[in-house]
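*Asks:* The structure that follows is given in the form of structure tokens.
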Amino acid sequence: MSRAVATPVPLAVRWPVRAEHVAMAVAAVALAILVVLPLASLLLASITEEGRLSLGHFREALSRRLYVQALRNSLVLGAWTALLSVAVGLPMAWAVSRTDVPAKPFIHATATIAYLTPPYLTAIAFVNLFSPNAGLVNQWLRDALGLPQLTFNIHSMAGLVLVTVLHTFPFVYLLAASALQSVDASMEESARILGAGRWRTARAVTLPLVAPAILAGALVAFVNAIALFGSQAIIGLPGRIFTLPTRIYALFDHPPRYGLASALSLVFVAITVVALALQRRYLARRSYVTFGGKGTRPQVVPLGGARWGALAFCAGIFVVAVLAPYLTLLAVSVSRSWGLDFWQNLTLQHYRFILFEYDVTRRAIVNSLILAAAAATLTVLLGCLIAWGDLRTSLPGRKVLDYVSLVPLGLPGIVMAVALIQFWLRVPVPIYGTLLIILLAYSARYVPLAVRSANAAFRQVDPSLEETARVTGAGWLRTFGSITLPLARPGLFAGWLLVFVPAIQELSASVLLFSSGSMTLAVAVYNLYETGYLGPVAALAIVTMVIIGAAIWLATRLGRAGARLERAGVVH
Amino acid sequence: MAGISIERVSKRYGTVTAVRDLSLEVRDREFVALLGPSGCGKTTLLRLIAGFLTPDEGVIRVDGVALSSTDTVVPPERRGMGMVFQNYAIWPHKSVYENVAFGLEIRGVRRSEARERVTRVLDLVNLAGLERRFPGELSGGQQQRVALARSLVVEPKILLLDEPLSNLDAKLRERMRWELKELQRRTGITFVYVTHDQAEAMALSDRIAVLHQGALLQSGPPREVYARPVSREVADFMGLVNLLPGRVVRAAADDSLVSVAGSEPVRVSLAARLGVGAGVQVAIRPESLRPATDGADLGDAAAGLLRGKVADLTFLGNLIDCHMVLDDGTRVRVQADPDASLQVGQALQVAFDPHACTVFEA
């Protein structure tokens with residue numbers, strides 16, 4: 001490098017344009033393979049029938065009762081979930097950010113854990129409590145208390161909404177809490193001094209200011225709710241409640257109907273994209289709340305005795321969303337038979353079974369660890385290329401790459417799987433049924449999270465720091481390696497975890513892509529559940545949570561990554 | 001009538017005392033500036049007056065009625081005051097009209113009357129015609145006027161202003177200053193105005209209250225606070241000042257002599273408790289020091305005289321900022337006439353009127 005310092009060299013050599021081009025080309029090819037080509041195949045499959053252009057698949061998807069009913073169920077589920085997520089998330093957000101409610105860290109932790117818990121595990125736990133005959137609570141109500149009229153059938157739309165809300169309310173909570181905290185105190189104080197009381201101020205000033213954030217949270221809840229294959233299959237199918245993901249899944253039974261599945265997937269995508277477009281619009285209007293720059297935190301409302309009521313509400317959410325599912329899974333995992341007297345025959349046999357005896361679950365654990373780590377590493381590397389190209393070069397097309405990398409946000413997992421299958425069935429590379437196709441699915445699904453994390457990380461590195469290195473004679477690669485990367489590392493690490501955590505528990509795409517050789521954790525849980533091995537299922541669920549917990553623990557240990565995880569989780 | 005009387009008020013945040021045993025009278029129709037560096041407690045005091053904070057000690061009365069005391073605080077919405085915030089706090093989701101009309105709406109003023117009053121007040125602040133704009137479409141100065149209009153339309157007896165001009169550029173600030181003063185004269189509203197800018201405080205107010213570390217150091221008309229600061233902090237805060245070492249040569253009730261930076265003793269007024277030989281600090285403003293290159297205008301025997309060398313010169317257009325090193329090594333700043341032919345390194349004598357000095361205990 002000293003050579004470059006000694007003698008001035010032509011501009012083209014000091015700014016190696018070729019490295020930029022290579023980096024961008026790699027990113028473009030990767031995005032084409034992960035996103036563009038599979039989506040194109042999906043589109044193509046949806047509008048062709050026996051090699052000819054046709055709208056037959058769409059006609060069938062939008063007219064047959066089977067599918068219209070599924071569409072309606074998905075919308076009903078999404079709408080109720082969004083509504084109830086606001087009903088649960090908003091009061092919690094208000095209590096934490098604006099009142100003197102006790103135990104705020106506990107309330108915050110409740111929302112975080114609820115968000116991080118894989119929804120299919122919550123679903124399985126609730127089936128154990130509320131399935132019509134064998135559910136523990138139902139048994140207790142019916143047999144011990146003699147109140148059969150109070151039993152609750154989890155295999156219903158109400159049950160499905162309940163389980164889904166427990167996973168989605170944190171979206172509203174996190175967005176609303178951050179909005180409520182960032183409303184400048186003077187906005188409300190100027191209403192007070194003009195004569196408006198507390199409630200009038202809340203109605204006329206605070207609510208309109210945070211409404212965009214609440215709406216955005218509700219829309220994210222909606223989009224997430226309708227995409228969750230696991231809970232919809234586990235809760236819905238026994239009650240004959242079909243939704244779009246479960247219908248698409250069923251189309252892969254023999255004989256598979258790829259064209260119809262593609263058309264149905266695109267209908268699904270359309271709903272998601274509309275909701276996300278609305279969400280972006282509302283989120284953009286959130287700039288409201290940071291209006292005015294330097295500001296003071298709003299004053300805390302003293303609730304007096306009511307603070308215990310507020311705490312009780314939040315504790316109730318904790319019991320339903322965290323305590324009940326975890327205790328249930330733990331209890332099932334250590335009992336020989338599930339029932340009212342389960343504690344009389346405790347055992348560790350289920351753990352021994354899944355960890356040592358049953359090679360499918362052993363392989364699934366190893367596979368998922370490999371897949372999640374590989375997907376996280378790949379996507380973060382790709383994210384670095386795309387973000388760096390966007391922020392630090394003026395190459396044409398860099399914005400396109402950035403946009404394309406965000407497309408998967410609008411693709412539910414099962415749709416991603418359908419698209420990948422369509423593409424890889426057309427090309428003569430036999431990766432269908434291998435770990436590789438699952439890796440592609442994970443990478444494609446979570447590349448937006450990685451790109452966004454990398455983008456945020458690089459934004460924190462001032463370009464002048466890089467320019468200084470360049471001026472002192474370091475080449476492009478040297479600058480990137482010794483200045484940019486080390487400074488961006490905490491953010492990139494957070495991005496890695498942001499991908500790792502959902503990838504280790506991925507079900508929606510894996511469930512269509514796995515084979516016996518490429519079993520994953522979530523699929524193993526689902527399959528064991530399907531065959532009725534409740535004990536091993538619960539044990540595997542606990543193992544999954546231990547892995548996720550360890551990852552989060554590592555994240556919080558390694559700096560501020562944990563906080564970023566939560567924040568960025570909202571965008572997911 | 002709307003006089004405010006602040007009686008021995010204290011406010012603590014944890015271990016930090018933001019306002020310390022502070023008493024201040026604001027008379028009806030008076031324009032009082034609360035002046036001090038950031039963190040001096042001036043904003044806390046304003047928020048105590050507004051009713052956003054509860055005092056830990058003391059009472060705040062308006063027209064003799066206790067509004068704030070340690071056990072009862074009339075909430076802000078029932079004080080009938082107006083307040084303008086540093087960041088304007090214009091509601092971004094309401095139009096200019098809706099922003100201004102809000103207070104009238106709260107008071108249940110009829111729509112037609114409200115329309116009239118809003119129009120009138122927007123006229124007053126030169127915003128006529130912008131009723132339907134949203135804050136995002138306004139400049140900083142216009143937002144500032146909306147904030148002002150919103151507070152004025154409800155005709156408060158007292159208007160509290162928290163550094164309302166600090167986010168504006170210099171030119172606009174100058175103009176708004178003048179407009180504010182004009183407005184206060186016309187409306188007769190009692191103004192309490194928080195600022196850290198001494199020039200602003202002097203330009204605007206009838207009285208300046210200088211705060212430092214939560215305590216009131218001095219309050220009085222701008223001229224008095226500027227010319228007769230009661231402490232070094234006040235002198236320092238009210239603009240550029242030279243603090244020169246001095247020694248008491250004679251201490252008598254009305255005939256004291258002090259030697260300033262080794263000069264011939266001059267006659268000054270002195271705090272009684274200082275004895276002969278005591279070290280003091282003498283505050284002299286740069287504009288009170290006159291360079292005397294030829295010694296011709298030193299005829300006044302009472303004038304003090306400092307000798308030294310010119311160390312640095314900065315031409316500022318309307319004056320020359322001259323840094324001098326006195327013979328005893330003390331550095332002083334002198335404001336010289338821009339036409340004065342001074343050169344770095346030349347010997348220089350500067351004269352001063354002893355009456356322009358303030359002597360503090362060292």
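Residue names in the structure tokens use chain letters A, B, ... in the order shown, residue numbers from 1 in each chain, and ligand numbers from 1 in the order shown.
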At a cut-off of 10 Å, using only C-alpha atoms, what residues contact segment 248-258 of chain A? Leave out same-chain residues fewer than 4 positions from it and give the result as a PDB file with N, CA and C atoms, in the first residue's frame.
*Replies:*
ATOM      1  N   LEU A  42     -43.223 -18.436 -10.770  1.00  0.00           N
ATOM      2  CA  LEU A  42     -44.530 -18.496 -10.104  1.00  0.00           C
ATOM      3  C   LEU A  42     -45.578 -17.846 -10.985  1.00  0.00           C
ATOM      4  N   ALA A  45     -46.198 -19.934 -14.096  1.00  0.00           N
ATOM      5  CA  ALA A  45     -46.990 -21.138 -13.818  1.00  0.00           C
ATOM      6  C   ALA A  45     -48.448 -20.783 -13.596  1.00  0.00           C
ATOM      7  N   SER A  46     -48.691 -19.604 -13.045  1.00  0.00           N
ATOM      8  CA  SER A  46     -50.073 -19.243 -12.720  1.00  0.00           C
ATOM      9  C   SER A  46     -50.875 -18.901 -13.963  1.00  0.00           C
ATOM     10  N   HIS A  57     -56.396 -20.830 -14.006  1.00  0.00           N
ATOM     11  CA  HIS A  57     -56.049 -21.047 -12.597  1.00  0.00           C
ATOM     12  C   HIS A  57     -56.611 -19.945 -11.715  1.00  0.00           C
ATOM     13  N   TYR A  67     -61.806 -22.301  -2.360  1.00  0.00           N
ATOM     14  CA  TYR A  67     -60.741 -21.299  -2.273  1.00  0.00           C
ATOM     15  C   TYR A  67     -61.263 -19.944  -1.834  1.00  0.00           C
ATOM     16  N   ALA A  70     -61.460 -20.108   1.768  1.00  0.00           N
ATOM     17  CA  ALA A  70     -60.138 -19.980   2.377  1.00  0.00           C
ATOM     18  C   ALA A  70     -59.694 -18.522   2.391  1.00  0.00           C
ATOM     19  N   PHE A 229     -48.411 -20.425   8.699  1.00  0.00           N
ATOM     20  CA  PHE A 229     -48.925 -21.729   8.318  1.00  0.00           C
ATOM     21  C   PHE A 229     -49.161 -22.631   9.529  1.00  0.00           C
ATOM     22  N   ALA A 233     -52.591 -24.513  10.484  1.00  0.00           N
ATOM     23  CA  ALA A 233     -52.743 -25.949  10.254  1.00  0.00           C
ATOM     24  C   ALA A 233     -53.100 -26.660  11.556  1.00  0.00           C
ATOM     25  N   PHE A 242     -60.197 -23.813   6.770  1.00  0.00           N
ATOM     26  CA  PHE A 242     -59.096 -23.705   5.817  1.00  0.00           C
ATOM     27  C   PHE A 242     -58.772 -22.238   5.562  1.00  0.00           C
ATOM     28  N   THR A 243     -57.489 -21.969   5.414  1.00  0.00           N
ATOM     29  CA  THR A 243     -57.043 -20.622   5.067  1.00  0.00           C
ATOM     30  C   THR A 243     -56.171 -20.734   3.824  1.00  0.00           C
ATOM     31  N   LEU A 244     -55.737 -19.621   3.295  1.00  0.00           N
ATOM     32  CA  LEU A 244     -54.933 -19.674   2.080  1.00  0.00           C
ATOM     33  C   LEU A 244     -53.689 -20.555   2.224  1.00  0.00           C
ATOM     34  N   SER A 262     -49.927 -21.755  -7.660  1.00  0.00           N
ATOM     35  CA  SER A 262     -49.261 -20.510  -8.018  1.00  0.00           C
ATOM     36  C   SER A 262     -50.255 -19.361  -8.066  1.00  0.00           C
ATOM     37  N   ALA A 263     -51.396 -19.604  -8.701  1.00  0.00           N
ATOM     38  CA  ALA A 263     -52.403 -18.547  -8.793  1.00  0.00           C
ATOM     39  C   ALA A 263     -52.883 -18.144  -7.403  1.00  0.00           C
ATOM     40  N   LEU A 264     -53.145 -19.143  -6.567  1.00  0.00           N
ATOM     41  CA  LEU A 264     -53.597 -18.867  -5.205  1.00  0.00           C
ATOM     42  C   LEU A 264     -52.521 -18.093  -4.432  1.00  0.00           C
ATOM     43  N   SER A 265     -51.250 -18.465  -4.675  1.00  0.00           N
ATOM     44  CA  SER A 265     -50.142 -17.771  -4.023  1.00  0.00           C
ATOM     45  C   SER A 265     -50.119 -16.308  -4.420  1.00  0.00           C
ATOM     46  N   PHE A 268     -52.677 -14.369  -2.686  1.00  0.00           N
ATOM     47  CA  PHE A 268     -52.167 -14.171  -1.330  1.00  0.00           C
ATOM     48  C   PHE A 268     -51.184 -12.999  -1.298  1.00  0.00           C
ATOM     49  N   ILE A 414     -44.949 -19.734   2.639  1.00  0.00           N
ATOM     50  CA  ILE A 414     -45.419 -20.833   1.799  1.00  0.00           C
ATOM     51  C   ILE A 414     -45.385 -20.443   0.321  1.00  0.00           C
ATOM     52  N   VAL A 415     -45.612 -19.148   0.058  1.00  0.00           N
ATOM     53  CA  VAL A 415     -45.542 -18.651  -1.311  1.00  0.00           C
ATOM     54  C   VAL A 415     -44.098 -18.721  -1.813  1.00  0.00           C
ATOM     55  N   VAL A 418     -43.479 -22.231  -2.818  1.00  0.00           N
ATOM     56  CA  VAL A 418     -44.124 -22.565  -4.088  1.00  0.00           C
ATOM     57  C   VAL A 418     -43.300 -22.005  -5.243  1.00  0.00           C
ATOM     58  N   ALA A 419     -42.855 -20.762  -5.105  1.00  0.00           N
ATOM     59  CA  ALA A 419     -42.088 -20.117  -6.169  1.00  0.00           C
ATOM     60  C   ALA A 419     -40.772 -20.854  -6.414  1.00  0.00           C
ATOM     61  N   ILE A 421     -40.086 -23.959  -5.783  1.00  0.00           N
ATOM     62  CA  ILE A 421     -40.352 -25.265  -6.399  1.00  0.00           C
ATOM     63  C   ILE A 421     -40.584 -25.091  -7.903  1.00  0.00           C
ATOM     64  N   GLN A 422     -41.405 -24.096  -8.255  1.00  0.00           N
ATOM     65  CA  GLN A 422     -41.684 -23.850  -9.675  1.00  0.00           C
ATOM     66  C   GLN A 422     -40.398 -23.634 -10.449  1.00  0.00           C
ATOM     67  N   SER A 508     -43.237 -22.340   7.582  1.00  0.00           N
ATOM     68  CA  SER A 508     -44.131 -22.132   6.438  1.00  0.00           C
ATOM     69  C   SER A 508     -43.527 -22.578   5.112  1.00  0.00           C
ATOM     70  N   ALA A 509     -42.251 -22.269   4.881  1.00  0.00           N
ATOM     71  CA  ALA A 509     -41.620 -22.667   3.617  1.00  0.00           C
ATOM     72  C   ALA A 509     -41.069 -24.088   3.730  1.00  0.00           C
ATOM     73  N   VAL A 511     -42.054 -26.607   5.247  1.00  0.00           N
ATOM     74  CA  VAL A 511     -43.030 -27.690   5.259  1.00  0.00           C
ATOM     75  C   VAL A 511     -43.333 -28.189   3.846  1.00  0.00           C
ATOM     76  N   LEU A 512     -43.092 -27.345   2.833  1.00  0.00           N
ATOM     77  CA  LEU A 512     -43.279 -27.781   1.453  1.00  0.00           C
ATOM     78  C   LEU A 512     -41.988 -28.287   0.824  1.00  0.00           C
TER      79      LEU A 512
END
*Asks:* For chain B, report every residue with an atom at most 6 Å from chain A (counting only C-alpha atoms), formatted as a PyMOL selection string.
*Replies:* chain B and resi 76-77+87+89+103
*Asks:* Next, the residues of the selection above should be written as an mmCIF file, in the first residue's frame with N, CA, C and O atoms.
*Replies:*
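Contents of the output file selection-v1.cif:
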data_model
loop_
_atom_site.group_PDB
_atom_site.id
_atom_site.type_symbol
_atom_site.label_atom_id
_atom_site.label_comp_id
_atom_site.auth_asym_id
_atom_site.auth_seq_id
_atom_site.Cartn_x
_atom_site.Cartn_y
_atom_site.Cartn_z
ATOM 1 N N PRO B 76 -52.471 23.222 34.553
ATOM 2 C CA PRO B 76 -52.179 24.236 33.538
ATOM 3 C C PRO B 76 -53.421 24.697 32.788
ATOM 4 O O PRO B 76 -53.549 25.890 32.488
ATOM 5 N N GLU B 77 -54.335 23.729 32.533
ATOM 6 C CA GLU B 77 -55.490 24.090 31.710
ATOM 7 C C GLU B 77 -56.457 25.028 32.425
ATOM 8 O O GLU B 77 -57.350 25.585 31.806
ATOM 9 N N ASN B 87 -39.631 24.848 20.582
ATOM 10 C CA ASN B 87 -39.786 24.189 19.278
ATOM 11 C C ASN B 87 -41.151 24.502 18.676
ATOM 12 O O ASN B 87 -41.597 23.822 17.776
ATOM 13 N N ALA B 89 -44.000 23.701 18.988
ATOM 14 C CA ALA B 89 -45.039 22.718 19.322
ATOM 15 C C ALA B 89 -46.327 22.963 18.565
ATOM 16 O O ALA B 89 -47.417 22.847 19.102
ATOM 17 N N GLY B 103 -57.787 26.655 21.120
ATOM 18 C CA GLY B 103 -58.063 27.219 22.446
ATOM 19 C C GLY B 103 -59.478 27.784 22.538
ATOM 20 O O GLY B 103 -60.130 27.694 23.579
#
*Asks:* Report, in Å with one decimal, the straight-line distance from atom CA of Val84 of chain B to atom CA of Ala95 of chain A.
*Replies:*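 Going from atom CA of Val84 of chain B over to atom CA of Ala95 of chain A, I get 28.9 Å.
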*Asks:* Taking the DSSP assignment computed from this structure's backbone, write out as a list in words all residues of segment 92-190 of chain B that belong to strand (DSSP E).
*Replies:*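 Reading the DSSP output for segment 92-190 of chain B, strand (DSSP E) covers Ile158, Leu159, Leu160, Leu161, Asp162 and Thr190 of chain B.
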*Asks:* Between atom CA of Val334 of chain B and atom CA of Val350 of chain B, what is the spacing in Å?
*Replies:*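 Between atom CA of Val350 of chain B and atom CA of Val334 of chain B the gap works out to 8.2 Å.
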*Asks:* What's around Ile354 of chain A at 7 Å? Count only C-alpha atoms, leave out sequence neighbours fewer than 6 positions away in its own chain, and write the answer as a list in words.
*Replies:*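 Answer for this query is Thr361, Arg362, Pro536 and Leu540 of chain A.
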*Asks:* Just the selected residues (N, CA, C and O atoms), exported as a PDB file, in the first residue's frame, please.
*Replies:*
ATOM      1  N   THR A 361     -35.266 -36.586  14.587  1.00  0.00           N
ATOM      2  CA  THR A 361     -35.202 -35.328  15.343  1.00  0.00           C
ATOM      3  C   THR A 361     -33.757 -34.886  15.553  1.00  0.00           C
ATOM      4  O   THR A 361     -33.448 -33.701  15.524  1.00  0.00           O
ATOM      5  N   ARG A 362     -32.863 -35.862  15.748  1.00  0.00           N
ATOM      6  CA  ARG A 362     -31.455 -35.495  15.905  1.00  0.00           C
ATOM      7  C   ARG A 362     -30.954 -34.785  14.663  1.00  0.00           C
ATOM      8  O   ARG A 362     -30.308 -33.750  14.732  1.00  0.00           O
ATOM      9  N   PRO A 536     -42.884 -36.141  22.847  1.00  0.00           N
ATOM     10  CA  PRO A 536     -41.708 -35.737  22.090  1.00  0.00           C
ATOM     11  C   PRO A 536     -41.867 -34.364  21.443  1.00  0.00           C
ATOM     12  O   PRO A 536     -40.902 -33.590  21.373  1.00  0.00           O
ATOM     13  N   LEU A 540     -39.293 -31.382  22.019  1.00  0.00           N
ATOM     14  CA  LEU A 540     -38.623 -30.729  20.907  1.00  0.00           C
ATOM     15  C   LEU A 540     -38.907 -29.217  20.923  1.00  0.00           C
ATOM     16  O   LEU A 540     -38.038 -28.400  20.607  1.00  0.00           O
TER      17      LEU A 540
END
*Asks:* Which polymer residues have any atom within 10 Å of an atom of Leu270 of chain B, counting only C-alpha atoms, with same-chain residues fewer than 3 positions away left out, as a ChimeraX atom specification?
*Replies:* /B:248,250-258,267,273-275,280,358-361
*Asks:* Go ahead and write the residues just picked, C-alpha atoms, as a PDB file, in the first residue's frame.
*Replies:*
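Everything below was put into selection_13.pdb:
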ATOM      1  CA  VAL B 248      -7.453  47.926  48.054  1.00  0.00           C
ATOM      2  CA  ARG B 250      -7.576  52.852  50.986  1.00  0.00           C
ATOM      3  CA  ALA B 251     -10.873  51.734  52.464  1.00  0.00           C
ATOM      4  CA  ALA B 252     -13.248  54.434  53.554  1.00  0.00           C
ATOM      5  CA  ALA B 253     -17.011  54.731  53.324  1.00  0.00           C
ATOM      6  CA  ASP B 254     -17.113  57.079  50.330  1.00  0.00           C
ATOM      7  CA  ASP B 255     -13.450  57.511  49.537  1.00  0.00           C
ATOM      8  CA  SER B 256     -11.860  54.177  48.648  1.00  0.00           C
ATOM      9  CA  LEU B 257      -8.894  53.683  46.394  1.00  0.00           C
ATOM     10  CA  VAL B 258      -8.105  50.542  44.428  1.00  0.00           C
ATOM     11  CA  ARG B 267     -11.369  56.104  43.378  1.00  0.00           C
ATOM     12  CA  ARG B 273     -16.293  44.798  54.422  1.00  0.00           C
ATOM     13  CA  LEU B 274     -13.084  45.031  52.378  1.00  0.00           C
ATOM     14  CA  GLY B 275     -10.017  46.224  54.263  1.00  0.00           C
ATOM     15  CA  VAL B 280     -10.237  42.260  44.612  1.00  0.00           C
ATOM     16  CA  THR B 358     -17.447  47.187  39.477  1.00  0.00           C
ATOM     17  CA  VAL B 359     -15.326  45.762  42.277  1.00  0.00           C
ATOM     18  CA  PHE B 360     -15.843  42.225  43.569  1.00  0.00           C
ATOM     19  CA  GLU B 361     -14.185  40.364  46.346  1.00  0.00           C
TER      20      GLU B 361
END
*Asks:* May I have the residues within 12 Å of Asp339 of chain B as an MDAnalysis selection string, using only C-alpha atoms and disregarding those fewer than 2 positions away in the same chain?
*Replies:* chainID B and resid 291 315:320 335:337 341:342
*Asks:* Residues as selected, N, CA, C and O atoms, written as a PDB file, in the first residue's frame, can you do that?
*Replies:*
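Saved the output as selection.pdb:
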ATOM      1  N   PRO B 291      -8.330  53.566  24.198  1.00  0.00           N
ATOM      2  CA  PRO B 291      -6.910  53.662  23.876  1.00  0.00           C
ATOM      3  C   PRO B 291      -6.503  55.136  23.842  1.00  0.00           C
ATOM      4  O   PRO B 291      -7.257  55.979  23.389  1.00  0.00           O
ATOM      5  N   PHE B 315     -10.134  43.016  13.249  1.00  0.00           N
ATOM      6  CA  PHE B 315     -10.993  44.044  12.672  1.00  0.00           C
ATOM      7  C   PHE B 315     -12.402  43.491  12.523  1.00  0.00           C
ATOM      8  O   PHE B 315     -12.613  42.448  11.905  1.00  0.00           O
ATOM      9  N   LEU B 316     -13.371  44.132  13.150  1.00  0.00           N
ATOM     10  CA  LEU B 316     -14.742  43.610  13.120  1.00  0.00           C
ATOM     11  C   LEU B 316     -15.696  44.537  12.393  1.00  0.00           C
ATOM     12  O   LEU B 316     -16.906  44.443  12.538  1.00  0.00           O
ATOM     13  N   GLY B 317     -15.183  45.471  11.633  1.00  0.00           N
ATOM     14  CA  GLY B 317     -16.059  46.350  10.882  1.00  0.00           C
ATOM     15  C   GLY B 317     -16.360  47.619  11.636  1.00  0.00           C
ATOM     16  O   GLY B 317     -15.727  48.652  11.404  1.00  0.00           O
ATOM     17  N   ASN B 318     -17.293  47.537  12.599  1.00  0.00           N
ATOM     18  CA  ASN B 318     -17.662  48.741  13.332  1.00  0.00           C
ATOM     19  C   ASN B 318     -16.694  49.038  14.475  1.00  0.00           C
ATOM     20  O   ASN B 318     -16.758  50.085  15.101  1.00  0.00           O
ATOM     21  N   LEU B 319     -15.803  48.101  14.763  1.00  0.00           N
ATOM     22  CA  LEU B 319     -14.816  48.347  15.814  1.00  0.00           C
ATOM     23  C   LEU B 319     -13.637  47.407  15.648  1.00  0.00           C
ATOM     24  O   LEU B 319     -13.672  46.486  14.838  1.00  0.00           O
ATOM     25  N   ILE B 320     -12.604  47.681  16.429  1.00  0.00           N
ATOM     26  CA  ILE B 320     -11.455  46.781  16.435  1.00  0.00           C
ATOM     27  C   ILE B 320     -11.388  46.121  17.799  1.00  0.00           C
ATOM     28  O   ILE B 320     -11.434  46.799  18.826  1.00  0.00           O
ATOM     29  N   GLN B 335     -12.135  47.695  23.181  1.00  0.00           N
ATOM     30  CA  GLN B 335     -12.805  47.984  21.912  1.00  0.00           C
ATOM     31  C   GLN B 335     -12.288  49.315  21.407  1.00  0.00           C
ATOM     32  O   GLN B 335     -12.486  50.350  22.034  1.00  0.00           O
ATOM     33  N   ALA B 336     -11.611  49.269  20.266  1.00  0.00           N
ATOM     34  CA  ALA B 336     -11.022  50.492  19.740  1.00  0.00           C
ATOM     35  C   ALA B 336     -11.791  50.964  18.530  1.00  0.00           C
ATOM     36  O   ALA B 336     -12.477  50.184  17.870  1.00  0.00           O
ATOM     37  N   ASP B 337     -11.661  52.250  18.265  1.00  0.00           N
ATOM     38  CA  ASP B 337     -12.270  52.846  17.092  1.00  0.00           C
ATOM     39  C   ASP B 337     -11.681  52.196  15.839  1.00  0.00           C
ATOM     40  O   ASP B 337     -10.480  51.954  15.781  1.00  0.00           O
ATOM     41  N   SER B 341      -5.097  53.828  14.506  1.00  0.00           N
ATOM     42  CA  SER B 341      -3.973  53.181  13.815  1.00  0.00           C
ATOM     43  C   SER B 341      -3.156  52.414  14.835  1.00  0.00           C
ATOM     44  O   SER B 341      -2.196  52.915  15.390  1.00  0.00           O
ATOM     45  N   LEU B 342      -3.613  51.176  15.112  1.00  0.00           N
ATOM     46  CA  LEU B 342      -2.933  50.339  16.103  1.00  0.00           C
ATOM     47  C   LEU B 342      -2.126  49.283  15.379  1.00  0.00           C
ATOM     48  O   LEU B 342      -2.465  48.866  14.272  1.00  0.00           O
TER      49      LEU B 342
END
*Asks:* For segment 428-439 of chain A, list every protein, DNA or RNA residue within 9 Å, evaluated using only C-alpha atoms, and leave out those in the same chain fewer than 3 positions away; present the list as a ChimeraX atom specification.
*Replies:* /A:367,371-372,374-375,417,420-421,424-425,442-444,509-510,513-519
*Asks:* List as a PyMOL selection string the protein and nucleic acid residues near segment 106-119 of chain B, meaning an atom at most 12 Å away when only C-alpha atoms are counted, but skip any in the same chain fewer than 5 places from it.
*Replies:* (chain A and resi 191-197+200-201+204) or (chain B and resi 77-78+80+96-101+124-132+146+148-155)
*Asks:* Quick one: DSSP alpha helix (DSSP H) residues in segment 83-295 of chain A, as a PyMOL selection string?
*Replies:* chain A and resi 83-98+104-116+119-130+136-139+157-182+185-193+198-201+207-227+229-231+244-250+258-284
*Asks:* To one decimal place, how far is atom CA of Gly279 of chain B from atom CA of Ser259 of chain B in Å?
*Replies:*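 Rounded to one decimal, the two atoms are 9.8 Å apart.
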*Asks:* Pick the closest to Phe342 of chain A from A:Pro105, A:Gly78, A:Gly535, A:Pro502: which is it, counting only C-alpha atoms?
*Replies:* A:Gly535
